[in-house]
2 protein chains.
Amino acid sequence: MPKLGMEPIRRKALISATIDAIHAKGMARLTMNDIARRAGVSAGLAHHYFGAKDQLLLATMRTLLADLGEEIQTRLAASTIPQDRVRAIIRGNFSTCQFRPEVVSAWLAFYDAAQHDHEARRLLRVYTRRLQSNLVHALQEITDRATAERLGETTAALIDGVWIRRSLASGDPDTESAIALVESAVFGALGMSVA
Amino acid sequence: MPKLGMEPIRRKALISATIDAIHAKGMARLTMNDIARRAGVSAGLAHHYFGAKDQLLLATMRTLLADLGEEIQTRLAASTIPQDRVRAIIRGNFSTCQFRPEVVSAWLAFYDAAQHDHEARRLLRVYTRRLQSNLVHALQEITDRATAERLGETTAALIDGVWIRRSLASGDPDTESAIALVESAVFGALGMSVA
DNA sequence: TTTTATTGATTGACCAATCAATAAAAAATA
DNA sequence: TATTTTTTATTGATTGGTCAATCAATAAAA
């Protein structure tokens with residue numbers, strides 16, 4: 001009973017199922033069959049839409065990247081003053097969906113893949129550079145260029161580090177205190193009090 | 001031609017080969033055969049000494065943990081004043097061997113595994129907690145307890161974040177500037193100038 | 001004779017990718 | 001309108017290959 005226009009729906013479902021499967025079984029034991037079953041389709045269909053397994057994995061990574069980018073972009077669009085732009089970037093990275101265990105697992109698998117897969121590495125560098133350049137641009141309107149550059153790298157690293165540590169901690173992550181930690185470090189370094 | 005006392009030698013070689021193989025092929029395509037060949041032995045011998053693949057992987061993670069612990073411990077032992085203890089922890093985490101591409105890949109695979117493997121998660125939490133508690137202890141002798149706790153988490157996150165970002169960057173990582181970045185953030189937050 | 005070290009063959013399972021087959025919807029044609 | 005054709009969606013079987021784990025066999029040392 002084929003309904004038309006299923007392709008985008010299936011693609012989304014398969015990518016979402018890939019994220020879940022990575023979390024449940026890990027990259028080492030990940031199978032197309034398992035992914036397809038989670039998406040409610042046959043393994044053949046997954047191959048039909050994505051060709052090969054690594055293409056599905058790359059598509060999943062692109063989705064992670066796009067979703068995070070959107071979280072940040074919406075918050076940036078609603079910000080006017082430079083301070084708020086910095087906050088927007090931090091809060092975008094720490095949005096609740098970025099702490100979903102399945103999403104955390106997928107991101108870490110992404111980092112892992114970037115070590116030996118060229119395309120994965122290229123994609124991850126897009127994230128890395130975008131985060132830093134976003135931060136530096138916003139900080140340049142608050143402080144001098146040299147400080148902005150240095151503090152930009154520090155903040156980017158702090159975001160990644162806090163994210164990874166809070167993700168690993170037991171219990172559900174307290175996003176608000178994570179945000180507060182990074183914000184106080186950044187604005188503290190600028191000699192500003194945190195609003 | 002069996003020489004006696006080979007067990008520790010083979011174990012070390014197999015663990016080292018595992019680190020190399022993870023970097024070269026990634027967890028997904030990692031095979032016992034490949035690991036064994038890199039160690040110069042048969043796959044049968046790898047099973048003989050480690051039982052199953054996941055035991056070999058866990059042993060590899062324990063080695064990563066132990067090696068890092070040693071790097072920090074030697075530097076801590078040579079430190080007398082609190083400031084130097086903080087520096088020792090930072091420098092231990094940023095020792096050149098921690099930036100070896102093979103070691104980076106293995107650590108990231110470790111993070112990845114911790115998302116779905118209980119023992120891997122337990123082991124990684126040992127690292128996480130040890131780093132933070134080391135930092136907080138050292139910082140408590142420089143500042144008040146509350147600041148030490150907060151700055152301890154910030155510094156630990158900063159160490160992880162800088163390490164992961166520099167590892168991903170192209171070109172060989174400049175460990176000295178990475179150390180300088182973290183040190184200036186920590187001592188800056190304490191209102192101290194960096195020596 | 002027992003212990004330690006080691007290999008290579010074997011087994012049983014699993015899996016990625018392909019493909020033929022099926023069927024519904026849409027388009028084209030009569 | 002009725003029909004044929006094409007396009008889109010989907011499955012399940014198949015295939016060829018790979019891999020983890022086991023085990024019997026071999027051999028040197030104790």
# chains A, B, ... in the order shown; residues from 1 in each chain; ligands from 1

call {"tool": "select_by_dssp", "arguments": {"residues": "stretch 12-173 of chain B", "states": "helix (DSSP H, G or I)", "output": "JSON, numbers by chain"}}
result
{"B": [12, 13, 14, 15, 16, 17, 18, 19, 20, 21, 22, 23, 24, 25, 26, 27, 28, 29, 32, 33, 34, 35, 36, 37, 38, 39, 43, 44, 45, 46, 47, 48, 49, 50, 53, 54, 55, 56, 57, 58, 59, 60, 61, 62, 63, 64, 65, 66, 67, 68, 69, 70, 71, 72, 73, 74, 75, 76, 77, 82, 83, 84, 85, 86, 87, 88, 89, 90, 91, 92, 93, 96, 97, 98, 99, 101, 102, 103, 104, 105, 106, 107, 108, 109, 110, 111, 112, 113, 118, 119, 120, 121, 122, 123, 124, 125, 126, 127, 128, 129, 130, 131, 132, 133, 134, 135, 136, 137, 138, 139, 140, 145, 146, 147, 148, 149, 150, 151, 152, 153, 154, 155, 156, 157, 158, 159, 160, 161, 162, 163, 164, 165, 166, 167, 168]}

call {"tool": "interface_residues", "arguments": {"of": "chain D", "to": "chain A", "cutoff": "7 Å", "atoms": "only C-alpha atoms (C1' of nucleotides)", "output": "CSV table (one decimal) with N, CA and C atoms (P, O5', C5', C4', C3', O3' and C1' of nucleotides), in the first residue's frame"}}
result
chain,number,residue,atom,x,y,z
D,8,DT,P,9.3,8.7,-9.8
D,8,DT,O5',8.7,8.0,-8.5
D,8,DT,C5',7.4,8.4,-8.0
D,8,DT,C4',7.0,7.5,-6.9
D,8,DT,C3',8.0,7.3,-5.8
D,8,DT,O3',7.5,7.6,-4.5
D,8,DT,C1',7.1,5.2,-6.5
D,9,DA,P,8.3,7.5,-3.2
D,9,DA,O5',7.8,6.0,-2.7
D,9,DA,C5',6.4,5.8,-2.5
D,9,DA,C4',6.2,4.4,-1.9
D,9,DA,C3',7.2,4.0,-0.8
D,9,DA,O3',6.4,3.6,0.3
D,9,DA,C1',7.2,2.3,-2.4
D,10,DT,P,7.2,3.3,1.7
D,10,DT,O5',7.5,1.8,1.6
D,10,DT,C5',6.5,0.8,1.5
D,10,DT,C4',7.0,-0.5,1.1
D,10,DT,C3',8.2,-1.0,2.0
D,10,DT,O3',7.6,-1.7,3.1
D,10,DT,C1',8.2,-1.8,-0.3
D,11,DT,P,8.7,-2.4,4.2
D,11,DT,O5',8.7,-3.9,3.7
D,11,DT,C5',7.5,-4.5,3.3
D,11,DT,C4',7.8,-5.8,2.5
D,11,DT,C3',8.8,-6.7,3.3
D,11,DT,O3',8.0,-7.9,3.5
D,11,DT,C1',9.5,-6.5,1.0

call {"tool": "residues_around", "arguments": {"residues": "stretch 170-183 of chain A", "least_positions_apart": "2", "cutoff": "10 Å", "atoms": "only C-alpha atoms (C1' of nucleotides)", "output": "ChimeraX atom specification"}}
result
/A:83,86-87,90-96,98-101,155-156,158-159,162-163,165-168,185-189,193-195 /B:125,150-151,153-154,157

call {"tool": "write_last_selection", "arguments": {"atoms": "N, CA and C atoms", "output": "compact mmCIF listing (two decimals), in the first residue's frame"}}
result
# COMPACT_ATOMS: atom_id res chain seq x y z
N GLN A 83 26.13 40.93 24.29
CA GLN A 83 26.08 40.00 25.42
C GLN A 83 25.06 38.90 25.19
N VAL A 86 26.24 36.22 22.78
CA VAL A 86 27.10 35.21 23.43
C VAL A 86 26.23 34.22 24.19
N ARG A 87 25.29 34.76 24.92
CA ARG A 87 24.38 33.89 25.68
C ARG A 87 23.61 32.96 24.76
N ILE A 90 25.73 30.01 23.74
CA ILE A 90 25.89 29.06 24.86
C ILE A 90 24.60 28.28 25.07
N ARG A 91 23.47 28.99 25.10
CA ARG A 91 22.20 28.33 25.36
C ARG A 91 21.78 27.42 24.23
N GLY A 92 22.13 27.77 23.03
CA GLY A 92 21.84 26.89 21.90
C GLY A 92 22.57 25.56 22.03
N ASN A 93 23.83 25.65 22.39
CA ASN A 93 24.62 24.43 22.56
C ASN A 93 24.13 23.59 23.73
N PHE A 94 23.53 24.25 24.70
CA PHE A 94 23.06 23.52 25.88
C PHE A 94 21.55 23.34 25.87
N SER A 95 20.92 23.42 24.72
CA SER A 95 19.48 23.19 24.67
C SER A 95 19.20 21.74 25.07
N THR A 96 18.05 21.55 25.66
CA THR A 96 17.75 20.24 26.26
C THR A 96 17.94 19.08 25.30
N GLN A 98 20.12 18.64 23.16
CA GLN A 98 21.53 18.26 23.03
C GLN A 98 22.00 17.37 24.18
N PHE A 99 21.19 17.26 25.21
CA PHE A 99 21.55 16.41 26.34
C PHE A 99 20.77 15.09 26.33
N ARG A 100 19.90 14.91 25.34
CA ARG A 100 19.21 13.62 25.22
C ARG A 100 20.26 12.53 25.07
N PRO A 101 20.18 11.47 25.88
CA PRO A 101 21.21 10.42 25.84
C PRO A 101 21.47 9.90 24.43
N THR A 155 36.02 29.79 25.39
CA THR A 155 34.58 29.55 25.58
C THR A 155 34.10 28.34 24.80
N ALA A 156 34.57 28.23 23.57
CA ALA A 156 34.19 27.07 22.76
C ALA A 156 34.62 25.77 23.45
N LEU A 158 35.20 25.38 26.59
CA LEU A 158 34.43 25.24 27.82
C LEU A 158 33.04 24.66 27.53
N ILE A 159 32.43 25.12 26.46
CA ILE A 159 31.12 24.59 26.07
C ILE A 159 31.22 23.09 25.80
N VAL A 162 32.08 21.20 29.20
CA VAL A 162 30.97 21.12 30.15
C VAL A 162 29.90 20.18 29.60
N TRP A 163 29.64 20.29 28.31
CA TRP A 163 28.64 19.41 27.69
C TRP A 163 29.02 17.95 27.87
N ARG A 165 31.07 16.56 30.02
CA ARG A 165 31.14 16.12 31.42
C ARG A 165 29.74 15.98 32.02
N ARG A 166 28.87 16.92 31.71
CA ARG A 166 27.52 16.82 32.24
C ARG A 166 26.77 15.65 31.60
N SER A 167 27.07 15.37 30.35
CA SER A 167 26.43 14.25 29.67
C SER A 167 26.80 12.93 30.32
N LEU A 168 28.03 12.86 30.80
CA LEU A 168 28.52 11.62 31.39
C LEU A 168 28.08 11.45 32.83
N ALA A 185 32.01 32.17 33.62
CA ALA A 185 33.42 32.12 33.23
C ALA A 185 33.71 33.17 32.16
N VAL A 186 32.83 33.28 31.18
CA VAL A 186 33.06 34.22 30.08
C VAL A 186 32.97 35.66 30.55
N PHE A 187 31.85 35.97 31.16
CA PHE A 187 31.66 37.37 31.56
C PHE A 187 32.56 37.74 32.74
N GLY A 188 32.92 36.73 33.52
CA GLY A 188 33.91 36.97 34.59
C GLY A 188 35.25 37.37 33.99
N ALA A 189 35.65 36.66 32.95
CA ALA A 189 36.92 36.97 32.31
C ALA A 189 36.91 38.36 31.68
N SER A 193 29.76 41.41 35.54
CA SER A 193 28.96 40.53 36.39
C SER A 193 27.90 39.88 35.51
N VAL A 194 27.47 38.72 35.92
CA VAL A 194 26.46 38.01 35.14
C VAL A 194 25.07 38.49 35.52
N ALA A 195 24.31 38.84 34.52
CA ALA A 195 22.96 39.37 34.79
C ALA A 195 22.06 38.30 35.41
N ARG B 125 34.11 7.41 34.34
CA ARG B 125 33.76 8.25 35.49
C ARG B 125 34.90 8.31 36.49
N ARG B 150 33.69 25.36 42.19
CA ARG B 150 33.19 25.88 40.92
C ARG B 150 34.31 25.93 39.89
N LEU B 151 35.45 26.47 40.30
CA LEU B 151 36.57 26.59 39.38
C LEU B 151 37.15 25.22 39.02
N GLU B 153 35.38 22.46 38.51
CA GLU B 153 34.58 21.92 37.40
C GLU B 153 34.90 22.67 36.10
N THR B 154 35.00 23.99 36.23
CA THR B 154 35.31 24.79 35.03
C THR B 154 36.64 24.36 34.42
N ALA B 157 36.48 20.90 32.78
CA ALA B 157 35.78 20.99 31.50
C ALA B 157 36.65 21.66 30.45

call {"tool": "interface_residues", "arguments": {"of": "chain C", "to": "chain B", "cutoff": "7 Å", "atoms": "only C-alpha atoms (C1' of nucleotides)", "output": "list in words"}}
result
DT4, DA5, DT6 and DT7 of chain C

call {"tool": "closest_residue", "arguments": {"among": "B:Arg122, B:Arg62, B:Lys12, B:Arg38", "to": "chain A", "atoms": "only C-alpha atoms"}}
result
B:Arg122

call {"tool": "interface_residues", "arguments": {"of": "chain B", "to": "chain A", "cutoff": "6 Å", "atoms": "only C-alpha atoms", "output": "number ranges by chain"}}
result
B: 27-28, 105, 108-109, 112, 115, 157-158, 160-162

call {"tool": "residues_around", "arguments": {"residues": "D:DT18", "least_positions_apart": "5", "cutoff": "12 Å", "atoms": "only C-alpha atoms (C1' of nucleotides)", "output": "number ranges by chain"}}
result
B: 29-33; C: 13-16

call {"tool": "residues_around", "arguments": {"residues": "B:Leu139", "least_positions_apart": "5", "cutoff": "10 Å", "atoms": "only C-alpha atoms (C1' of nucleotides)", "output": "PyMOL selection string"}}
result
chain B and resi 82-83+85-86+133-134+144-145+147-149+151-152+186+190

call {"tool": "write_last_selection", "arguments": {"atoms": "N, CA and C atoms", "output": "PDB file, in the first residue's frame"}}
result
ATOM      1  N   PRO B  82      50.842  24.928  45.925  1.00  0.00           N
ATOM      2  CA  PRO B  82      49.525  24.654  45.313  1.00  0.00           C
ATOM      3  C   PRO B  82      49.435  25.056  43.855  1.00  0.00           C
ATOM      4  N   GLN B  83      49.940  26.226  43.515  1.00  0.00           N
ATOM      5  CA  GLN B  83      49.884  26.664  42.122  1.00  0.00           C
ATOM      6  C   GLN B  83      50.519  25.635  41.196  1.00  0.00           C
ATOM      7  N   ARG B  85      50.776  22.519  41.728  1.00  0.00           N
ATOM      8  CA  ARG B  85      49.959  21.302  41.677  1.00  0.00           C
ATOM      9  C   ARG B  85      48.887  21.443  40.610  1.00  0.00           C
ATOM     10  N   VAL B  86      48.281  22.630  40.543  1.00  0.00           N
ATOM     11  CA  VAL B  86      47.295  22.880  39.486  1.00  0.00           C
ATOM     12  C   VAL B  86      47.960  22.768  38.118  1.00  0.00           C
ATOM     13  N   SER B 133      38.474  16.080  41.295  1.00  0.00           N
ATOM     14  CA  SER B 133      38.829  16.097  42.709  1.00  0.00           C
ATOM     15  C   SER B 133      40.286  16.515  42.889  1.00  0.00           C
ATOM     16  N   ASN B 134      41.150  16.103  41.993  1.00  0.00           N
ATOM     17  CA  ASN B 134      42.538  16.586  42.026  1.00  0.00           C
ATOM     18  C   ASN B 134      42.590  18.101  41.957  1.00  0.00           C
ATOM     19  N   ASP B 144      38.910  29.917  48.487  1.00  0.00           N
ATOM     20  CA  ASP B 144      37.896  29.346  49.380  1.00  0.00           C
ATOM     21  C   ASP B 144      37.249  28.114  48.745  1.00  0.00           C
ATOM     22  N   ARG B 145      36.605  27.331  49.585  1.00  0.00           N
ATOM     23  CA  ARG B 145      36.049  26.057  49.124  1.00  0.00           C
ATOM     24  C   ARG B 145      35.048  26.219  47.983  1.00  0.00           C
ATOM     25  N   THR B 147      34.676  28.603  45.739  1.00  0.00           N
ATOM     26  CA  THR B 147      35.348  28.973  44.494  1.00  0.00           C
ATOM     27  C   THR B 147      36.119  27.780  43.926  1.00  0.00           C
ATOM     28  N   ALA B 148      36.768  27.039  44.810  1.00  0.00           N
ATOM     29  CA  ALA B 148      37.540  25.879  44.379  1.00  0.00           C
ATOM     30  C   ALA B 148      36.648  24.860  43.684  1.00  0.00           C
ATOM     31  N   GLU B 149      35.488  24.636  44.240  1.00  0.00           N
ATOM     32  CA  GLU B 149      34.561  23.657  43.653  1.00  0.00           C
ATOM     33  C   GLU B 149      34.113  24.116  42.265  1.00  0.00           C
ATOM     34  N   LEU B 151      35.454  26.468  40.300  1.00  0.00           N
ATOM     35  CA  LEU B 151      36.575  26.591  39.382  1.00  0.00           C
ATOM     36  C   LEU B 151      37.148  25.221  39.018  1.00  0.00           C
ATOM     37  N   GLY B 152      37.002  24.268  39.916  1.00  0.00           N
ATOM     38  CA  GLY B 152      37.460  22.910  39.633  1.00  0.00           C
ATOM     39  C   GLY B 152      36.686  22.306  38.481  1.00  0.00           C
ATOM     40  N   VAL B 186      42.461  29.806  34.390  1.00  0.00           N
ATOM     41  CA  VAL B 186      42.339  29.446  35.813  1.00  0.00           C
ATOM     42  C   VAL B 186      42.901  30.541  36.701  1.00  0.00           C
ATOM     43  N   LEU B 190      41.305  33.565  39.249  1.00  0.00           N
ATOM     44  CA  LEU B 190      41.686  33.729  40.654  1.00  0.00           C
ATOM     45  C   LEU B 190      42.329  35.091  40.901  1.00  0.00           C
TER      46      LEU B 190
END

call {"tool": "closest_residue", "arguments": {"among": "D:DT7, D:DT1, D:DT14, D:DT26", "to": "C:DA20", "atoms": "only C-alpha atoms (C1' of nucleotides)"}}
result
D:DT14

call {"tool": "residues_around", "arguments": {"residues": "B:Gly40", "least_positions_apart": "6", "cutoff": "12 Å", "atoms": "only C-alpha atoms (C1' of nucleotides)", "output": "JSON, numbers by chain"}}
result
{"B": [9, 10, 11, 12, 13, 14, 16, 17, 33, 34, 46], "C": [6]}

call {"tool": "write_last_selection", "arguments": {"atoms": "C-alpha atoms (C1' of nucleotides)", "output": "mmCIF file, in the first residue's frame"}}
result
data_model
loop_
_atom_site.group_PDB
_atom_site.id
_atom_site.type_symbol
_atom_site.label_atom_id
_atom_site.label_comp_id
_atom_site.auth_asym_id
_atom_site.auth_seq_id
_atom_site.Cartn_x
_atom_site.Cartn_y
_atom_site.Cartn_z
ATOM 1 C CA ILE B 9 54.770 -8.785 26.765
ATOM 2 C CA ARG B 10 51.946 -10.049 24.575
ATOM 3 C CA ARG B 11 49.315 -8.256 26.642
ATOM 4 C CA LYS B 12 51.112 -4.955 26.271
ATOM 5 C CA ALA B 13 51.657 -5.503 22.558
ATOM 6 C CA LEU B 14 48.013 -6.417 22.019
ATOM 7 C CA SER B 16 49.071 -1.119 22.009
ATOM 8 C CA ALA B 17 47.953 -2.750 18.760
ATOM 9 C CA ASN B 33 42.468 -10.499 13.360
ATOM 10 C CA ASP B 34 43.611 -6.981 12.558
ATOM 11 C CA ALA B 46 44.647 -12.669 21.485
ATOM 12 C "C1'" DT C 6 51.394 -20.539 19.823
#

call {"tool": "atom_distance", "arguments": {"atom1": "atom CA of A:Asp20", "atom2": "atom CA of B:Ala120"}}
result
19.0 Å

call {"tool": "residues_around", "arguments": {"residues": "C:DT10", "least_positions_apart": "3", "cutoff": "12 Å", "atoms": "only C-alpha atoms (C1' of nucleotides)", "output": "PDB file with C-alpha atoms (C1' of nucleotides), in the first residue's frame"}}
result
ATOM      1  C1'  DA D  21      35.268 -17.732  19.400  1.00  0.00           C
ATOM      2  C1'  DT D  22      36.690 -22.603  19.958  1.00  0.00           C
ATOM      3  C1'  DC D  23      39.786 -26.344  19.648  1.00  0.00           C
ATOM      4  C1'  DA D  24      42.983 -29.701  18.424  1.00  0.00           C
TER       5       DA D  24
END

call {"tool": "atom_distance", "arguments": {"atom1": "atom CA of B:Leu131", "atom2": "atom CA of B:Ala66"}}
result
12.8 Å

call {"tool": "atom_distance", "arguments": {"atom1": "atom CA of A:Asp67", "atom2": "atom CA of A:Gln132"}}
result
17.4 Å

call {"tool": "decode", "arguments": {"residues": "chain D", "atoms": "C-alpha atoms (C1' of nucleotides)", "output": "mmCIF file, in the first residue's frame"}}
result
data_model
loop_
_atom_site.group_PDB
_atom_site.id
_atom_site.type_symbol
_atom_site.label_atom_id
_atom_site.label_comp_id
_atom_site.auth_asym_id
_atom_site.auth_seq_id
_atom_site.Cartn_x
_atom_site.Cartn_y
_atom_site.Cartn_z
ATOM 1 C "C1'" DT D 1 -13.918 7.032 -19.597
ATOM 2 C "C1'" DA D 2 -11.262 2.917 -19.734
ATOM 3 C "C1'" DT D 3 -6.844 1.099 -20.621
ATOM 4 C "C1'" DT D 4 -2.098 0.654 -20.452
ATOM 5 C "C1'" DT D 5 2.352 2.338 -18.929
ATOM 6 C "C1'" DT D 6 5.340 4.410 -15.841
ATOM 7 C "C1'" DT D 7 6.732 5.783 -11.444
ATOM 8 C "C1'" DT D 8 7.142 5.200 -6.528
ATOM 9 C "C1'" DA D 9 7.195 2.321 -2.419
ATOM 10 C "C1'" DT D 10 8.218 -1.788 -0.305
ATOM 11 C "C1'" DT D 11 9.471 -6.456 1.031
ATOM 12 C "C1'" DG D 12 11.834 -10.850 1.580
ATOM 13 C "C1'" DA D 13 15.003 -13.932 -0.174
ATOM 14 C "C1'" DT D 14 19.578 -14.501 -1.582
ATOM 15 C "C1'" DT D 15 24.538 -14.116 -1.846
ATOM 16 C "C1'" DG D 16 29.107 -13.639 -0.774
ATOM 17 C "C1'" DG D 17 31.840 -12.365 2.616
ATOM 18 C "C1'" DT D 18 33.452 -11.628 7.329
ATOM 19 C "C1'" DC D 19 34.210 -12.370 11.956
ATOM 20 C "C1'" DA D 20 34.406 -13.981 16.985
ATOM 21 C "C1'" DA D 21 35.268 -17.732 19.400
ATOM 22 C "C1'" DT D 22 36.690 -22.603 19.958
ATOM 23 C "C1'" DC D 23 39.786 -26.344 19.648
ATOM 24 C "C1'" DA D 24 42.983 -29.701 18.424
ATOM 25 C "C1'" DA D 25 47.710 -29.913 17.411
ATOM 26 C "C1'" DT D 26 52.586 -28.630 18.007
ATOM 27 C "C1'" DA D 27 56.626 -27.581 20.460
ATOM 28 C "C1'" DA D 28 59.727 -25.708 23.723
ATOM 29 C "C1'" DA D 29 60.777 -25.190 28.531
ATOM 30 C "C1'" DA D 30 60.428 -26.737 33.389
#
